[in-house]
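Okay, structure first, notes after.
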Amino acid sequence: MRDDKNRVMNLNKNNLALTGGAAAAEALKQINPDVMPVYPITPQTPIIEVFAKMVADGEAATVMIEVESEHSAMSAAVGAQAAGARAMTASSSQGIMLMSEILPIASGMRLPILMFVSARAISAPINIHGDHEDVMAVRDLGWIQFFSENSQEVYDNTFIALKLAEKARMPAMVIMDGFLTSHSVENLEILETPLVRKFIGEYEPKNNLLDMENPMTFGPVSLPNSFFEFKRQQIEAMNGVLTEYENVAEEYEKISGRNHDIFESYQLDDAERAIVVAGSTAGTVKVAVDELREQGEKVGLLKIKLFRPFPYQQIAEALKNVKNIAVLDRTVPLGSNAPIFSEIINSLFELKISNCQLHSYIYGLGGREIFKEDIKKVFDDLKSESKEKVKYIGLK
């Protein structure tokens with residue numbers, strides 16, 4: 001039994017009370033990646049802090065590389081993965097911004113690196129608290145993106161994301177809300193390590209720099225006669241994630257007993273009003289939905305889990321009978337529609353669904369709290385005929 005503050009074991013060895021950061025570390029220990037380049041940044045630090053202690057205690061054999069910046073962390077992960085290693089890292093906020101030069105290199109080289117992100121506001125002004133600005137800023141750089149509501153989903157999403165990444169040969173982010181999930185202790189159930197290892201399997205790179213029988217170059221120059229074709233292959237690889245998702249999720253359910261659909265529908269079947277949201281706020285929405293349902297109101301939730309690639313058709317099918325939909329984004333849309341709101345518009349357009357009224361809400365920037373009563377007000381707003389394009393929850 002451990003006594004460190006981030007990791008407390010209950011009497012049942014498969015049930016733990018963990019922060020989201022410690023849940024990520026627990027998953028890392030069970031995966032036992034070959035290489036993990038690390039650079040600390042709030043609120044990601046507990047992930048590598050807890051895992052580093054596990055490595056020091058001999059619970060994992062991972063080679064941890066302490067680099068001088070987040071740019072170097074991703075560069076080292078690219079080098080290690082290209083050499084045939086299973087490489088992982090973690091970051092947040094300005095760290096994501098600093099490594100943004102290397103993120104499309106990882107995806108362009110088709111390297112299935114796994115990165116944990118404790119999502120946080122980006123400067124300026126400086127703010128260390130949680131919102132989704134960092135992950136939304138890099139959403140189209142070729143990384144699979146999973147949002148996690150709680151510690152259990154951080155843990156489960158890690159294995160699902162890794163398996164999908166290695167099947168598609170594309171990198172993946174497992175995202176948790178900074179502080180709200182990364183530092184909050186919640187109960188979760190872990191799997192036996194042999195089950196995890198069997199599920200993820202051994203990493204078998206298709207190509208690697210240390211294959212002396214088949215020498216190759218990574219990162220060559222691509223001129224106009226070939227660049228387009230490289231990008232088309234990346235598009236097909238990301239589309240393949242959607243094709244593979246159901247099989248991977250079904251396989252994971254067999255060993256865990258936990259269902260992980262591509263998104264979560266909550267009380268949505270007969271809902272007349274619904275909220276669409278990603279991350280920890282989904283838990284607050286569920287409480288509000290339950291209370292309003294007890295009062296006879298037909299309300300529901302669609303929780304975004306897989307954000308990249310975005311499952312347009314599946315989400316449109318889930319929302320097609322809902323009359324009024326509020327889409328909540330925890331990021332700043334400067335000069336455009338908010339990211340999730342835009343994707344819901346695209347989803348409904350793809351199936352030519354025009355009977356839904358969509359409403360955009362911005363909330364929680366810089367870690368500002370959102371409460372159950374705020375959610376109930378949003379549902380109440382959906383009854384009105386308001387023409388206001390964008391609303392702001394909790395703005396002073």
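In the structure tokens, the first chain shown is A, the next is B, and so on; residue numbers restart at 1 for each chain, and ligands run from 1 in the order shown.
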
Members of stretch 177-379 of chain A assigned strand (DSSP E or B) by DSSP, as a tab-separated table (two decimals) with N, CA and C atoms, in the first residue's frame:
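Final output, states.tsv:
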chain	number	residue	atom	x	y	z
A	177	ASP	N	-9.48	17.48	-17.68
A	177	ASP	CA	-9.56	18.89	-17.31
A	177	ASP	C	-8.55	19.19	-16.21
A	186	GLU	N	-11.07	10.52	-7.12
A	186	GLU	CA	-12.31	9.81	-7.38
A	186	GLU	C	-12.06	8.31	-7.34
A	187	ASN	N	-13.09	7.55	-7.06
A	187	ASN	CA	-12.97	6.10	-7.05
A	187	ASN	C	-12.95	5.58	-8.48
A	188	LEU	N	-12.14	4.57	-8.71
A	188	LEU	CA	-12.15	3.90	-10.00
A	188	LEU	C	-11.72	2.46	-9.83
A	189	GLU	N	-11.96	1.69	-10.84
A	189	GLU	CA	-11.61	0.27	-10.84
A	189	GLU	C	-10.53	0.02	-11.87
A	263	PHE	N	-19.31	8.28	-28.20
A	263	PHE	CA	-19.75	9.40	-27.37
A	263	PHE	C	-20.74	8.81	-26.37
A	264	GLU	N	-21.15	9.59	-25.39
A	264	GLU	CA	-22.11	9.09	-24.41
A	264	GLU	C	-23.44	9.82	-24.53
A	265	SER	N	-24.52	9.07	-24.69
A	265	SER	CA	-25.86	9.63	-24.65
A	265	SER	C	-26.44	9.40	-23.26
A	266	TYR	N	-26.97	10.45	-22.67
A	266	TYR	CA	-27.54	10.33	-21.32
A	266	TYR	C	-28.94	10.92	-21.33
A	273	ARG	N	-34.90	18.86	-25.15
A	273	ARG	CA	-33.81	19.81	-24.97
A	273	ARG	C	-32.56	19.03	-24.52
A	274	ALA	N	-31.40	19.40	-25.05
A	274	ALA	CA	-30.18	18.66	-24.71
A	274	ALA	C	-28.99	19.60	-24.65
A	275	ILE	N	-28.01	19.18	-23.88
A	275	ILE	CA	-26.72	19.87	-23.80
A	275	ILE	C	-25.65	18.96	-24.39
A	276	VAL	N	-24.75	19.56	-25.17
A	276	VAL	CA	-23.58	18.86	-25.69
A	276	VAL	C	-22.36	19.46	-25.02
A	277	VAL	N	-21.50	18.62	-24.43
A	277	VAL	CA	-20.35	19.13	-23.70
A	277	VAL	C	-19.27	18.06	-23.66
A	278	ALA	N	-18.02	18.48	-23.39
A	278	ALA	CA	-16.90	17.55	-23.26
A	278	ALA	C	-16.22	17.77	-21.91
A	299	VAL	N	-35.17	16.35	-20.76
A	299	VAL	CA	-33.85	16.92	-21.05
A	299	VAL	C	-32.82	15.80	-21.10
A	300	GLY	N	-31.70	16.06	-21.77
A	300	GLY	CA	-30.69	15.03	-21.91
A	300	GLY	C	-29.31	15.62	-22.18
A	301	LEU	N	-28.35	14.73	-22.32
A	301	LEU	CA	-26.94	15.11	-22.51
A	301	LEU	C	-26.32	14.26	-23.61
A	302	LEU	N	-25.50	14.91	-24.45
A	302	LEU	CA	-24.59	14.18	-25.31
A	302	LEU	C	-23.18	14.59	-24.91
A	303	LYS	N	-22.42	13.63	-24.41
A	303	LYS	CA	-21.05	13.90	-23.96
A	303	LYS	C	-20.06	13.53	-25.06
A	304	ILE	N	-19.26	14.50	-25.47
A	304	ILE	CA	-18.22	14.26	-26.46
A	304	ILE	C	-17.09	13.46	-25.81
A	306	LEU	N	-14.72	11.06	-28.17
A	306	LEU	CA	-13.76	11.13	-29.26
A	306	LEU	C	-14.02	12.41	-30.04
A	307	PHE	N	-13.08	13.35	-29.97
A	307	PHE	CA	-13.25	14.63	-30.66
A	307	PHE	C	-12.51	14.67	-31.99
A	308	ARG	N	-11.39	14.00	-32.07
A	308	ARG	CA	-10.68	13.86	-33.34
A	308	ARG	C	-10.28	12.41	-33.53
A	324	ASN	N	-34.17	21.49	-29.26
A	324	ASN	CA	-33.30	22.59	-28.87
A	324	ASN	C	-32.03	22.05	-28.24
A	325	ILE	N	-30.88	22.48	-28.76
A	325	ILE	CA	-29.59	21.95	-28.31
A	325	ILE	C	-28.68	23.11	-27.91
A	326	ALA	N	-28.14	23.01	-26.70
A	326	ALA	CA	-27.13	23.97	-26.24
A	326	ALA	C	-25.77	23.29	-26.31
A	327	VAL	N	-24.83	23.91	-27.01
A	327	VAL	CA	-23.48	23.35	-27.13
A	327	VAL	C	-22.55	24.19	-26.26
A	328	LEU	N	-21.94	23.54	-25.27
A	328	LEU	CA	-21.08	24.24	-24.31
A	328	LEU	C	-19.62	24.04	-24.68
A	329	ASP	N	-18.91	25.15	-24.89
A	329	ASP	CA	-17.48	25.10	-25.21
A	329	ASP	C	-16.69	25.77	-24.11
A	357	GLN	N	-32.76	23.51	-33.22
A	357	GLN	CA	-32.29	24.86	-32.92
A	357	GLN	C	-31.02	24.75	-32.10
A	358	LEU	N	-29.92	25.30	-32.63
A	358	LEU	CA	-28.63	25.22	-31.95
A	358	LEU	C	-28.31	26.53	-31.24
A	359	HIS	N	-27.71	26.41	-30.06
A	359	HIS	CA	-27.33	27.58	-29.26
A	359	HIS	C	-25.92	27.38	-28.73
A	360	SER	N	-25.09	28.40	-28.88
A	360	SER	CA	-23.70	28.32	-28.45
A	360	SER	C	-23.51	28.99	-27.09
A	361	TYR	N	-22.85	28.28	-26.18
A	361	TYR	CA	-22.54	28.80	-24.84
A	361	TYR	C	-21.04	28.66	-24.58
A	362	ILE	N	-20.44	29.72	-24.06
A	362	ILE	CA	-19.04	29.68	-23.63
A	362	ILE	C	-19.03	29.67	-22.11

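The neighbours of stretch 317-322 of chain A here are the residues that come within 7 Å of it, using only C-alpha atoms and leaving out any residue fewer than 4 positions away in the same chain; they are A:Ala271, A:Glu272, A:Arg273, A:Ala274, A:Gln313, A:Ile353, A:Cys356.
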
Taking into account only C-alpha atoms, which residue in the set A:Ala24, A:Ala52, A:Leu268, A:Met170 is nearest to A:Ser148?
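Looking only at the distances to A:Ser148, the closest residue turns out to be A:Ala24.
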
Could you check which of A:Pro125, A:Gly335, A:Pro220, A:Gly95 is closest to A:Pro40, using only C-alpha atoms?
A:Gly95

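Closest to A:Ala60 among A:Asn32, A:Thr158, A:Asn150, A:Ser336 is A:Asn32, based on only C-alpha atoms.
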
Could you pull the residues within 12 Å of A:Gly201, counting only C-alpha atoms, minus those fewer than 6 positions along the same chain, as a list of chain:residue names?
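The residues satisfying every condition are A:Gln30, A:Ile31, A:Asn32, A:Pro33, A:Arg86, A:Phe159, A:Ile160, A:Leu162, A:Lys163, A:Leu164, A:Glu166, A:Lys167, A:Thr193, A:Pro194, A:Leu195.
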
Could you check the closest approach to A:Lys53 for each of A:Lys198, A:Asn14, A:Ala25, A:Glu251 and tell me which residue wins, using only C-alpha atoms?
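Using only C-alpha atoms, the shortest distance to A:Lys53 belongs to A:Ala25.
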
Selection: 12 Å around stretch 209-213 of chain A, only C-alpha atoms, excl. self and same-chain fewer than 4 positions, as number ranges by chain
A: 78-85, 204-205, 217-219

Proximity to A:Glu291 - best of A:Ser222, A:Lys372, A:Gly364, A:Asp261, only C-alpha atoms
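Counting only C-alpha atoms, the residue closest to A:Glu291 is A:Lys372.
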
Selection near A:Gly21, 12 Å with only C-alpha atoms, sequence-local residues under 4 positions removed, as a ChimeraX atom specification:
/A:5-7,17,25-28,42-51,90-91,116-119,148,150-155,158,174-186

Would you put the residues from that selection into a file with C-alpha atoms, as a short mmCIF file (atom, residue, chain, number, x, y, z; two decimals), in the first residue's frame?
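File produced: again-v1.cif:
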data_model
loop_
_atom_site.label_atom_id
_atom_site.label_comp_id
_atom_site.auth_asym_id
_atom_site.auth_seq_id
_atom_site.Cartn_x
_atom_site.Cartn_y
_atom_site.Cartn_z
CA LYS A 5 -1.00 11.82 -1.42
CA ASN A 6 -1.91 11.22 -5.09
CA ARG A 7 -2.48 7.48 -4.81
CA ALA A 17 -9.18 6.34 -5.04
CA ALA A 25 0.30 7.10 -13.96
CA GLU A 26 -1.37 3.82 -12.97
CA ALA A 27 -2.19 3.14 -16.62
CA LEU A 28 1.38 4.03 -17.59
CA THR A 42 1.09 22.74 -14.04
CA PRO A 43 -1.36 20.95 -13.89
CA GLN A 44 0.26 18.03 -15.73
CA THR A 45 3.13 17.57 -13.25
CA PRO A 46 1.44 14.95 -10.98
CA ILE A 47 1.25 12.51 -13.89
CA ILE A 48 5.01 12.34 -14.36
CA GLU A 49 5.68 12.86 -10.64
CA VAL A 50 3.70 9.77 -9.62
CA PHE A 51 4.96 7.69 -12.54
CA ALA A 90 2.48 14.48 -21.01
CA SER A 91 1.97 18.22 -21.21
CA PHE A 116 -1.62 12.88 -21.60
CA VAL A 117 -2.91 16.45 -21.48
CA SER A 118 -4.17 18.21 -18.37
CA ALA A 119 -6.09 20.80 -20.37
CA SER A 148 -12.23 12.21 -20.18
CA ASN A 150 -13.31 11.58 -14.63
CA SER A 151 -10.41 9.46 -13.35
CA GLN A 152 -12.00 6.23 -14.55
CA GLU A 153 -12.22 7.54 -18.09
CA VAL A 154 -8.63 8.80 -17.96
CA TYR A 155 -7.58 5.26 -17.08
CA THR A 158 -5.51 5.42 -22.14
CA VAL A 174 -5.86 11.53 -23.61
CA ILE A 175 -7.31 14.76 -22.25
CA MET A 176 -8.42 15.53 -18.70
CA ASP A 177 -9.56 18.89 -17.31
CA GLY A 178 -6.74 20.62 -15.47
CA PHE A 179 -7.24 20.50 -11.68
CA LEU A 180 -10.91 19.55 -12.01
CA THR A 181 -9.91 16.03 -13.05
CA SER A 182 -6.12 15.95 -12.82
CA HIS A 183 -6.08 16.84 -9.09
CA SER A 184 -9.48 15.58 -7.89
CA VAL A 185 -9.63 12.19 -6.13
CA GLU A 186 -12.31 9.81 -7.38
#

Interatomic distance between atom CA of A:Glu343 and atom CA of A:Ala316?
10.1 Å

Name the residues of stretch 116-364 of chain A that come out as alpha helix (DSSP H) in a backbone DSSP run; write them as a PyMOL selection string.
chain A and resi 133-137+151-168+193-200+227-256+281-294+312-319+339-350

Go through A:Ser347, A:Asn247, A:Gln314, A:Ser280 one by one, measure the shortest atom-to-atom distance of each to A:Glu149 using only C-alpha atoms, and give the residue with the smallest value.
A:Ser280

For A:Thr62, please output as a ChimeraX atom specification all residues within 9 Å (counting only C-alpha atoms; exclusion window: fewer than 5 positions along the same chain).
/A:29,32-36,55

Can you spit out the residues from that selection as a PDB file, in the first residue's frame, using C-alpha atoms?
ATOM      1  CA  LYS A  29       2.755   1.579 -15.034  1.00  0.00           C
ATOM      2  CA  ASN A  32       5.287  -0.020 -19.112  1.00  0.00           C
ATOM      3  CA  PRO A  33       6.261   2.073 -22.157  1.00  0.00           C
ATOM      4  CA  ASP A  34       9.836   1.894 -23.405  1.00  0.00           C
ATOM      5  CA  VAL A  35      10.561   5.619 -23.248  1.00  0.00           C
ATOM      6  CA  MET A  36       8.943   8.655 -21.616  1.00  0.00           C
ATOM      7  CA  VAL A  55       9.852   3.779 -12.036  1.00  0.00           C
TER       8      VAL A  55
END
